[in-house]
Every structure is written in C-alpha cells, then in structure tokens.
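Peer 1: One structure is given below, represented as structure tokens, and several questions about it will come after.
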Amino acid sequence: MSPLFEEIIEEPASADVPTRRVAITVNGQRRVAEVEPRLLLAHLLRQGFKLTGTHLGCDTTNCGACTVLVDGKAIKSCTMLAVQADGHEVTTVEGLASMSELSPIQEGFKDEHGLQCGFCTPGMMLSATAMLAENPNPTEEDVRWALSGNLCRCTGYQNIVKAVLWAAAKMRGEEPSHEGAA
Amino acid sequence: MYPSRFRYEAPRSLDDAIALLQAGQGEAKVLAGGQSLVPLLKLRFAAPELLVDINNLPGLDYHRVDPDGTIRIGALCRHATLERSPLLVERQPTMAAAAPLVADPLVRNRGTLVGSLCHADPQGDWAAVVTALGGRVVAAGPRGRREIPIGEFVTGPFENALRYDEIAVEAVIPASKGQPAGGYLKLERRVGDFATAAAAVALELSGDVVTRAGIALCGVGPSTIDATDAGRALTGRTLTAAAIEEAADLAAAAAQPRTDHRGSAAYKRQVVRTFVTRILRNVVSTAERAA
Amino acid sequence: MTALDEIKIGGLGASRRRVEDNRFIRGKGTYIDDIVLPGMLHMEILRSPVAHARIRSIDTSKAWEIPGVRLVLTGDMMATRNLAWMPTLSYDTQAVLATDKVRFQGQEVACVIADDPYIAKDACEAIVVDYEPLPAIVNPTQAMAPDAPLIRDDKENQADNIAFHWQVGDKEGTDRAFAEADVISKISLHYPRSHPSPIECCGSIADFDRATGKLTVYLTTQAPHIVRAAVAMVAELPEHMIRIVSPDIGGGFGNKVPVYPGYVMSILASILLERPVKWIEDRTGNLISTGFGRDVYLDGELALRRDGRILAVRMHTTSDHGAFFGDAQPSKFKIGLMHSAFSCYDIPYAYLSATGVYTNKAPGGVAYRCSFRVTEAMFFQERMIEAAASDLGMDPAELRRINLVRDDDFPHRTAWGFLTDSGQYGRCLDVALEAIGYEEFRRQQAQAREAGRLLGIGISTMTEPLGAGNSREYDILGIKMFDSAELRVHLTGRAILRTGARTQGQGHETTWAQIVAHELGIPADDVLVEEGDTDTAPFGMGTYASRSTPVAGAAVAMAARKVRAKARKLAAHLLEVSEEDVEWELGRFHVRGAPDRGVTIQECAMAAYANMPDGLEPGLEASAYYDPPNLTWPFACYVVTVEVDPETGVWDVLNVVAVDDCGVRINPMVVEGQIMGGLTEAYAMASMQFITFDAEGNCIGSNFMDYLLPTAWETPGFELHEVVTPCPHHPIGAKGVGECATVGGPAAFVNAVLDALKPFGVRNIDMPLLPDRVHEAISRRRDVSGAPPVRTD
C-alpha cells in the first residue's frame with residue numbers, strides 16, 4: 001500500500017457487522033487482517049491475502065483441495081474459521097518454494113507427472129509435505145494412506161504416489177529414479 | 001459454502017467459557033475440532049448465535065493413563081494424536097484399532113474424540129468404542145464437574161446429555177482389570193465415509209477367560225447400540241467357537257439397522273455378525289501367537 | 001552437421017515434462033475463482049428444494065433489504081429480456097430461471113448479486129418461494145405411464161414425457177439372423193446416473209463494458225467458441241463484441257461443455273449493473289444441476305452360432321434425460337454414438353432402437369469422459385459378450401477372439417455403418433492375457449474355489465470412435481465439427497501456437513509443441529501454446545470426446561507443414577538454388593546432393609522478416625482448419641482380477657492390466673496419465689460412484705459424502721502396456737485416447753466380480769457393485785438389477 005493515499009470506503013452497511021483482528025504468520029510473513037468471524041480460513045487466504053493456490057472443491061470437508069499446514073499439520077482450510085488461525089503459522093502452496101527453487105515435492109510432482117489439471121495439486125503436495133516431515137521413508141501404502149483425505153479426479157493417484165516417493169528419496173539424499181526422457 | 005453470521009468468542013479459561021455459554025442461554029455452540037460443526041455451519045444446517053471456541057483453553061490437549069490404569073482423553077486431544085499413540089497400542093487395542101478409521105487424515109488432525117462423542121452421530125466411531133469400553137464423559141459447568149456414563153451421555157441421534165452451559169472436558173476409559181483385548185472393524189464404502197456398519201469389541205481377559213466384554217455398534221441404529229447381551233454372553237467364558245458365534249448372533253440381534261442406499265437391514269446385520277466374529281477370532285489367534 | 005535428435009528437442013515420442021506444471025506446482029495457475037476484477041460483485045443462486053412444483057409466487061423483498069445486495073433476479077425479470085429460457089445443445093429448451101414450474105430438485109429459481117458471496121447467500125435465504133407440489137417422475141417407467149403428469153407442459157405439441165424415439169440399423173436383416181440363431185443371449189442392464197465431478201466446480205465472471213459495448217466472459221468451458229456462438233444467439237449480442245476466455249480449467253470430463261443457467265444470469269447481471277459479476281458454483285449445485293452422465297437402460301440380445309460366432313445384435317435403450325434434453329452431442333444422433341457398440345467385432349447385422357424420456361431430474365446429460373455415449377455402448381457390449389460366453393459355456397476370452405475384427409480386414413465397415421480404420425485387436429488381447437497370466441489365474445481360481453475363496457477375472461475389449469468430425473456427419477447446434485491451429489514463427493525461430501481446443505489437464509501446452517518440434521525441428525521449449533481466448537484463438541469446437549489430438553492436433557501438424565512449405569521458399573532463396581533442389585531433414589533444409597550446404601529452420605525464420613526474396617510475402621505463419629476424413633479408432637483391452645469376500649460382499653482389486661493401442665503416442669508419459677485417470681473413473685463407476693433419487697425426486701448424491709469418489713487408498717495400481725498401430729488417416733498417425741479407459745474399463749471390473757460369483761449362478765449385478773449388492777447376489781443366488789433403490793423400511 002502506497003503511503004501517498006488510502007481511500008476510505010464508507011459503507012453504512014458494514015458498520016454494525018462485528019469483526020475481529022487476526023494476526024497470522026503466512027508462509028513466514030506476519031499478516032494482519034480484520035475479519036468477520038464467519039469467514040473461512042480458505043477464503044481469507046484466497047481473497048484476503050491473494051494466495052489463490054489454495055483451492056476449494058467441495059462444501060463438505062471431503063476433497064482436500066484447500067489443504068494447508070497450520071503449525072505444520074495438514075488441515076482443510078475450508079473447515080477452519082479464519083479467526084481460529086489467529087496467532088498460528090500457516091503454510092500454503094506458495095510457501096513451499098521460492099520462485100527459483102522448488103521443493104522436492106514440487107519437483108517430484110512435475111517429474112513423475114503427478115498432476116494433470118492441477119486443481120488438487122497444492123492440497124496433495126501439502127499433505128505429502130506434512131507426511132514426509134513425519135515419515136521420511138514411507139512405503140507406497142503409507143503414501144496412499146496419508147493422501148486419502150485428498151481427492152484427485154485426473155491422475156488415478158499412481159503418479160502422485162510415485163511423485164511423493166521420488167521426493168522422499170531426494171530428501172533422503174538419494175538419487176530419485178527417473179522414467180522416460182526429456 | 002458460506003456460514004451465516006454468528007458472534008465468536010475464544011476464551012482463555014474454562015470459567016470464562018462456561019460463563020459465555022451461560023450468557024448464551026442455549027443459543028451458543030462449543031467449537032472444538034470443528035470437523036462436524038463447521039461443515040454444518042457452511043451448509044447452514046446449524047446457525048448458532050454465538051460460537052465459543054475452546055481451542056485456546058489450557059490443559060485440555062492430553063491423553064494419559066492414571067496409575068490405576070484409567071485412560072483420560074482431554075477435550076482438545078485430536079484423533080491424529082490417538083492414531084499415533086504408543087500408549088493406546090500398548091494399553092487399549094480397541095481404541096488403537098479405531099483411531100485410524102475415523103474420517104480421513106486431514107480431519108483427524110483437527111477433530112477430537114470428545115467432540116465426536118458430543119456430536120453423537122449414530123455413525124460416529126468413537127461413541128461405539130467408548131460404549132464398548134464402558135467409558136464416561138466429564139462435563140464441566142457452573143455447578144462444577146460431573147461424570148456421565150456414555151450410555152447416558154448419548155441421548156439420541158445428534159443429541160447429548162450436556163446442559164447448555166456445560167462443556168465436555170474429558171473422556172474417561174475405566175482401567176482394565178484384566179488383559180485388554182478387542183478391536184474395531186468398520187465397513188465404509190471408501191476412506192472417510194461414515195460407517196455402513198461397524199463393531200467395537202472390548203474385552204478384559206484373565207488367562208483365556210473373558211472377565212468383561214463390551215460390544216457396541218454404529219451405523220446400525222438410530223443411535224450408538226450397546227449390545228449388552230452379546231457382551232454378557234462372553235463374560236466368564238473362554239472364546240470358544242460356540243461362544244463367539246453366540247456373541248456375534250446376539251450383537252446382530254441387537255442392531256436396529258434401516259434399509260437405505262448403503263445396504264439392506266439384513267445385510268447390515270450380517271456385517272455386524274461377521275465383524276464381531278472376526279474381531280473375536282483375531283483375539284484368539286493373537287493370544288495363540290503370543291503363547 | 002549431425003542430425004537433430006527428435007527426442008532431445010521434445011518431439012514425437014518424448015516423455016517431455018509438462019510446461020503447464022511450472023505454474024500449477026507453485027499454486028500460480030489462474031482458475032476462474034482466482035480472477036479478481038475491479039468492482040467485481042458476487043452471485044449466488046437459490047435452487048428449488050423440490051423436484052416438481054408449480055411456482056405460486058416468489059417474494060424477494062426481504063433479500064433486497066439486506067445491505068450489500070445489488071440485484072435480485074427471478075425468472076419473470078429474465079423473461080422481460082427474453083432470457084428466461086435458452087436453447088440446449090440438443091435443440092430443446094431449458095429454463096434459465098424458473099417462471100412457471102420447477103422441474104427438478106436444484107433447479108435455478110432466483111439469484112442474488114451482492115458485494116460478497118456471504119451476503120449473496122444470506123439474501124438467497126431471505127427469498128420466499130411458494131411452491132404448489134406436483135408428483136415427481138423419477139424413472140422412465142413412471143415417465144412413460146399412460147397417466148403420467150406432463151413435465152414439459154411449456155412445450156407446444158408435447159403431449160407426453162417422450163423426448164425422442166430413434167432407430168438405426170437393418171431391422172429385417174437382424175430379425176432374419178435371430179430366426180436362424182442356435183442361441184439367443186439376452187440381458188437387461190442399467191448404467192446408472194453418474195457425474196463427472198471435476199474437483200473445480202463451474203463458474204463465470206461476466207464483465208460488460210458499457211463504454212466499448214464489449215462483453216468479456218471468463219468461463220469454465222471446454223469449448224469457448226461454441227459458447228461465444230451460443231451467447232451471440234441467446235443474448236442477441238454482436239459476436240465480435242463477445243470475448244470468451246477459458247482460464248485454467250480444474251478438470252472437465254464433459255461437465256464443462258454445456259452452457260449453464262448460471263453463466264447466463266451472470267451475463268445479464270453484468271449488463272444490468274455494468275460491473276463484473278462472478279458466479280462460483282458450489283459442489284451441491286454442481287452435482288444436482290449440471291450435466292450428468294449415463295442413466296440408460298438396455299435390453300440387449302445377441303444371436304449366436306453354437307461355435308461362438310455372433311450373427312446379429314439387437315439393442316433397445318431407454319435413456320433418462322431429466323427435465324430438459326440437453327445432451328451435448330451431434331444433433332443427428334439422438335442417443336449419441338450408441339450404435340458404435342460392437343465395432344471391434346465382425347458382426348453382419350445390427351439394429352438399435354432408442355427411446356429418450358423426460359423426468360424430474362437434473363437435465364442433460366453430458367458425455368462424461370466419453371465420446372457421445374460410447375461409454376454406455378461399450379459397457380453394454382462387453383456385458384452382453386460376457387453373458388453370451390456364460391450362456392454358451394465358453395471361455396469369455398475365446399468368444400472375444402473368435403469375433404474380433406482381424407488385422408487384414410481394415411478398413412472395416414461395421415453393421416451400423418462405421419468405418420473402423422486400423423488395429424491389431426488379437427495382439428492386444430494376447431498381450432493383456434499374457435501380462436495378467438490368464439491360464440495361471442484360472443488354475444488359482446479353481447483351487448481358491450475349493451477353499452471357499454472367490455477369485456474372478458474380467459476382460460473388456462473395445463474400439464471406440466474418437467475425434468469428431470468429419471463435418472459431413474458431426475455438428476453441434478449445426479456448427480460442423482472440425483478444428484483449427486494457427487502457428488506463427490517469430491524472427492528468432494521461436495513460435496506461438498494457438499488452437500481451437502481447450503486443455504483441462506490433458507497437457508496441450510506441452511504436447512502441441514511436440515508436434516511442432518516433430519514437423520519443423522523447432523525445439524518444443526521454443527513454442528508457446530495458447531488456447532481458450534476467443535479473441536485470439538482460431539475458431540474450434542473445443543476439447544471433449546477425445547477429439548483434441550485427432551482433430552486439433554492434426555490441425556497443428558497441418559499448420560506446421562504450411563509453415564515448412566513457406567520456409568522451403570526462404571531456404572531456396574538463402575541457398576540460392578531452386579525450390580526443387582532443396583531437401584528437408586528435421587530442423588533444416590539442405591541442397592540436394594550437398595548435405596553440408598544447408599540452412600536451419602531458425603535461419604529461414606529470420607529471413608522471413610529480414611531477408612525475404614522479392615515477391616514473397618513477409619512473415620512466417622500459417623493457419624489450418626482440419627476436417628478429419630474419419631474418426632480415429634483406438635483399441636483397448638483391459639483385464640482385471642478381484643477377490644470377493646463372501647461374508648461381506650466387499651471386493652478387492654488384485655491386478656489391473658491395460659493394453660492400449662492409440663496409434664502413435666506424442667508424449668508417452670501424458671498418454672499413460674490419461675489411461676490411469678480413465679481406469680480410476682472406470683473403477684469408481686463400477687464400485688461406488690452413482691447418483692440416485694428417492695420417490696419424491698430428492699437427489700441422493702448431492703455432495704461428496706454421498707457421491708463417492710475413490711481416494712488414493714482404494715484406487716488400485718495399474719500395469720500399462722502398449723501396442724502401436726498408426727492411424728492411417730491422421731497426419732502423425734495418432735488416435736484419441738483420453739477416454740478409452742473410462743469407456744472400456746467399467747465392464748472389466750464388473751465382469752471380474754461376476755466371474756468370481758459364477759458358482760452362485762449370478763449373471764448380472766448392475767453398477768455400482770456396492771458390497772451389499774454383491775452380498776445379496778451371493779446370499780440369495782440371484783441377479784441384482786436396476787438402480788440402487790433408496791429404500792427405507
């Protein structure tokens with residue numbers, strides 16, 4: 001925001017709606033917002049903080065497209081109120097890497113063709129990131145179990161599983177196995 | 001997708017939380033893990049005037065064993081903690097078996113056992129498990145604390161015995177007097193689904209004799225089913241094929257399933273019979289392997 | 001001068017890592033809901049809670065009073081602009097906002113435009129609608145009953161609930177063949193209603209600019225040009241002032257082909273308010289109101305000789321189209337390409353009759369990951385074959401082998417008149433049976449049965465018509481089904497390519513560049529691919545029905561060849577020889593007989609801008625509109641093994657083998673991704689995925705708690721194999737593939753479970769094979785047919 005000016009919008013409508021101030025560390029950066037209690041965390045991240053990599057795909061806490069990390073735990077941000085994140089640390093897909101350097105998970109998803117339309121991908125990668133932090137040497141079964149709260153409609157999951165195993169190998173310092181060329 | 005308006009408070013002490021509920025006059029809802037409540041808010045099936053978020057209350061995120069063997073689970077203990085708990089694997093096989101089958105991994109990171117009991121979903125996993133174990137819920141209110149046996153706590157589908165100004169702060173699993181054994185089996189159409197039918201079996205064994213048996217069911221009745229006859233049939237006996245069959249039949253008879261798009265009533269009874277049989281057979285084979 | 005390595009430059013056959021992934025893995029995709037325009041408002045839709053009712057009144061006064069509400073629209077207000085109804089893609093009409101009646105649960109009744117979606121939702125709740133309930137019709141039997149209430153009383157000359165009768169084939173020849181048959185195998189099947197359910201729901205942002213008169217609509221559409229045409233016709237706006245932008249699409253699978261009422265409402269709202277209006281559908285809205293798939297009943301018969309030869313096939317289908325017939329399919333085929341069934345088998349006679357009915361259910365449908373209802377066709381085919389094998393007491397693999405079209409019979413004219421182009425059907429079957437270990441599995445199965453364990457193996461073989469047109473036969477709303485590409489090579493040899501298709505995960509940004517690399521030797525990394533903006537992309541019919549590679553992909557190759565032809569002139573000029581003396585190798589022209597004297601395609605590009613010969617038009621670009629001579633006919637063989645738990649009816653998949661022959665593979669990695677995704681949807685439909693309705697027309701399956709999509713946990717692993725028979729009429733020999741596994745897969749899963757249940761005399765269980773249905777079949781030793789009922793006792 002430029003210090004030169006800030007337009008104050010006077011909306012008589014919004015005056016009597018109670019809001020609360022929240023301070024959330026998002027991807028390492030402190031963000032402060034004034035929110036209505038009913039605002040979902042996913043909406044604050046997307047509309048408020050313009051972090052649109054967090055997606056929404058269902059109304060009923062089933063699809064996991066909105067998965068983010070709160071204090072390192074993978075949770076569905078459509079099923080947490082923004083006010084509840086006050087004082088907590090949130091990691092979104094935008095926090096997985098700098099633009100120049102990808103995290104192993106991101107690399108693995110690209111290398112193993114772990115995505116097609118890309119809509120479930122941020123949630124998948126965050127669930128996988130949380131799992132690998134806890135279990136650096138997962139089996140295929142471990143990966144499938146850890147991702148069972150995230151729905152994908154395109155890939156059939158097989159390449160997602162391979163992507164996570166690829167990343168796990170890389171994070172252990174091993175040479176991940178490649179398939180194909182170019 | 002978008003909840004209606006409500007007021008929100010996140011008290012930092014239990015007394016403040018109770019005071020808020022008192023002031024709410026029954027128009028307030030307690031928010032813990034929120035994995036059932038927030039979806040209801042989003043679908044506008046619930047529209048409370050006030051939400052009292054108890055996540056900031058100190059000292060409720062625990063599960064532990066008292067010296068006498070009693071297991072206590074605090075109101076902010078998440079399913080995921082129980083799923084990863086060495087304590088349960090060692091001490092409480094029925095709970096250990098159920099913990100990974102609650103909802104999905106993401107929901108388990110937020111949702112709580114005590115919250116699940118309060119929600120009293122007829123398909124809820126934990127209510128069946130705690131029923132089989134003969135557990136209790138500790139309620140804290142303006143007049144202090146009281147312990148409510150699980151059978152009295154769950155009063156009906158999505159109804160519990162809490163007064164409007166009470167908060168469920170702890171679930172209590174009584175100490176096992178013998179060797180704990182048992183399990184939990186759930187038929188779900190896919191991960192994260194509610195139970196089409198599920199059976200929780202909690203035994204206490206002295207040698208190969210059953211000294212206490214609790215069997216409870218979910219998904220097969222208007223509320224959690226306590227199959228007391230089935231449990232009684234096992235008490236004082238060894239787990240012979242005949243005893244297992246009798247218990248399984250009694251559990252199936254105790255079920256009150258409805259025919260719906262998940263399956264016919266007869267089918268759900270059959271699943272109950274099969275699951276109780278399988279859990280009990282597994283107890284026998286585990287014991288045989290250990291011997 | 002060493003020759004270019006085509007794989008290294010990302011040409012044909014390279015498993016090139018996807019370009020689009022670079023933004024998706026960073027969360028930097030731009031999906032519809034990520035777009036924010038200045039001054040944008042938000043729309044929410046109020047939907048009917050009942051399936052069939054007359055609207056007595058709609059009171060919106062309380063909604064208007066809510067602060068932040070800008071507009072409340074009802075059907076009556078739409079009607080003043082002649083927008084209460086709109087045409088469907090099947091020459092029917094569909095309500096945008098209900099005026100007279102609601103005809104299905106979830107139908108759009110009103111909408112609110114407000115400052116944010118929370119307020120819009122508050123206001124929707126404040127609208128009071130008075131409904132006069134009418135009896136709901138929820139299946140074809142009810143619809144066709146003589147005293148059935150008339151659903152479409154809005155239509156003149158509509159006296160009943162029949163949407164159409166249609167037939168195709170040689171009825172008399174078929175009847176004769178049946179009269180001469182040794183064995184007639186009959187089966188009745190239901191393919192239940194399903195929903196594509198991409199993880200991203202539908203949405204639109206309409207932005208009408210009064211100053212310029214231009215309407216820009218960002219839209220989740222698989223076919224932006226069709227939408228522009230439809231908007232021009234429906235809203236009576238000048239076509240050149242309409243810009244449709246299809247941003248990144250979070251999956252389509254057919255769900256994002258039709259034009260939905262929400263789109264039209266947001267457009268009118270933006271015109272009225274002169275501000276951008278965003279509508280993002282919620283999941284319930286998506287499941288209960290947008291294009292579903294299937295919901296077709298079959299009565300099928302095969303006339304057979306004792307030795308297994310099929311003499312004729314007779315099919316009658318009854319399809320449930322919901323309240324408005326809005327199938328997205330070519331207009332002359334009322335039940336799509338159902339008559340492409342049995343195209344992989346050599347059968348002399350065939351006859352199909354079809355009846356479509358209106359019911360009080362969501363309208364449509366769409367070809368869910370399927371080329372105009374071929375999913376139903378191939379499922380019915382493979383279930384009929386399996387039943388026939390059982391009736392003949394013949395091994396199902398053998399029955400298929402006897403009847404498959406032989407390699408030397410191509411092109412092969414099917415009994416219903418399609419011309420299949422090429423294939424090695426028998427070889428695909430052999431590869432699949434060997435991979436799964438067919439004989440060994442049969443031995444294991446016999447042993448397991450002795451021990452009370454139920455193992456089963458299921459096969460599905462099929463070819464399907466992919467890549468509509470040709471333009472003679474295929475159209476949408478009268479617009480012929482061709483497609484297009486425009487290739488512009490910049491002076492440094494880099495290029496931009498645009499097509500009339502629209503990727504939704506298929507990877508066009510990666511694979512189209514590979515076709516250019518193959519044709520021109522320009523590295524794929526040097527080609528930017530753009531799609532989805534009607535202001536810049538050439539006119540095309542979009543991406544669905546596995547038509548992108550067969551049609552738009554062919555157009556890319558043809559455009560590149562035009563560029564190459566012009567580059568040849570530039571090369572001749574640079575090399576100072578005549579055009580006839582210039583020879584092409586990948587990425588380079590050289591003088592005939594003097595391979596060292598050459599110029600690269602990049603040097604030609606530079607010359608096109610900096611050193612063109614006199615008389616030659618500057619620049620290096622070309623466009624191509626490709627009208628395919630025929631559909632492409634990939635073949636696939638899927639084999640599945642399962643074990644069924646007799647006590648609970650739960651079945652586990654042991655192995656899945658897929659052998660696909662989709663011709664030349666542009667990017668093998670991407671092709672395999674498509675096949676695995678398709679197999680998963682096949683498994684989903686066979687095992688859990690269906691939408692049903694109760695007697696009042698309430699939709700059971702209106703959210704992801706009831707409408708089940710498989711997770712990573714249930715989804716089996718897949719073993720993929722390939723056979724390559726190049727398509728003889730496609731410029732690079734490719735065939736469509738995106739839908740093969742969804743089309744051919746379900747029967748393999750169902751056949752496997754039924755094979756396991758053979759000892760119980762069970763011949764059919766209709767999908768989905770939920771554990772209770774499988775258990776019922778086992779315990780009662782009988783078939784379980786029809787849609788899963790919504791029973792309460």
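Chains: A, B, ... in order of the structure tokens. Residues: from 1 per chain. Ligands: from 1, in order shown.
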Which residues, written as a VMD selection string, have at least one atom at most 6 Å from stretch 633-637 of chain C, with only C-alpha atoms counted and residues fewer than 3 positions away on the same chain left out?
Peer 2: chain C and resid 420 429 460 to 465 659 to 662 735
Peer 1: Determine which residues of chain C sit within 9 Å of chain B, taking into account only C-alpha atoms, and present them as a PyMOL selection string.
Peer 2: chain C and resi 117-119+121-122+282-283+647-648+650+687-688+692+700+705-706+708-711+713-714+770-773+775-776+788-793
Peer 1: Between atom CA of C:Asp327 and atom CA of C:Cys111, what distance in Å does the model show, to one decimal?
Peer 2: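 Taking atom CA of C:Asp327 and atom CA of C:Cys111, their separation equals 24.9 Å.
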Peer 1: Using only C-alpha atoms, find the one residue out of A:Gly173, A:Pro138, A:Pro37, A:Gly57 that sits nearest to chain C.
Peer 2: A:Gly57
Peer 1: Which residues are near A:Arg172? Cut-off 9 Å, only C-alpha atoms, ignore same chain within fewer than 3 positions. Put them as a list of chain:residue names.
Peer 2: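 Using only C-alpha atoms, the neighbours found are A:Pro136, A:Asn137, A:Ala167, A:Ala168, A:Ala169, A:Glu175.
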Peer 1: What gap, in Å, lies between atom CA of C:Ala495 and atom CA of C:Phe482?
Peer 2: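 According to the coordinates, atom CA of C:Ala495 and atom CA of C:Phe482 are separated by 23.4 Å.
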Peer 1: Using only C-alpha atoms, tabulate the residues of chain A lying at most 9 Å from any atom of chain B, each with its closest atom pair and that distance in Å to one decimal, by chain and increasing residue number, as CSV.
Peer 2:
```
residue,atom,partner,partner_atom,distance
A:Val17,CA,B:Arg5,CA,8.9
A:Pro18,CA,B:Arg7,CA,7.7
A:Arg20,CA,B:Tyr8,CA,8.9
A:Glu36,CA,B:Arg5,CA,8.2
A:Pro37,CA,B:Tyr8,CA,6.0
A:Arg38,CA,B:Arg5,CA,5.9
A:Leu39,CA,B:Pro3,CA,7.8
A:Leu40,CA,B:Tyr2,CA,8.0
A:Cys58,CA,B:Met1,CA,8.3
A:Asp59,CA,B:Met1,CA,5.4
A:Thr60,CA,B:Pro39,CA,5.5
A:Thr61,CA,B:Pro39,CA,6.7
A:Asn62,CA,B:Gly192,CA,7.7
A:Gly64,CA,B:Leu106,CA,7.8
A:Thr67,CA,B:Leu106,CA,7.9
A:Lys73,CA,B:Asn109,CA,6.7
A:Ala74,CA,B:Leu106,CA,5.9
A:Ile75,CA,B:Leu106,CA,4.9
A:Lys76,CA,B:Leu106,CA,6.4
A:Cys78,CA,B:Val38,CA,8.4
A:Thr79,CA,B:Val38,CA,5.6
A:Met80,CA,B:Val38,CA,7.0
A:Leu81,CA,B:Val38,CA,8.0
A:Val83,CA,B:Tyr8,CA,8.5
A:Gln84,CA,B:Asp53,CA,8.0
A:Ser127,CA,B:Leu106,CA,7.9
A:Trp145,CA,B:Pro105,CA,7.8
A:Ala146,CA,B:Pro105,CA,6.2
A:Leu147,CA,B:Pro105,CA,7.5
A:Ser148,CA,B:Asp104,CA,6.3
A:Gly149,CA,B:Asp104,CA,4.9
A:Asn150,CA,B:Leu106,CA,8.4
```
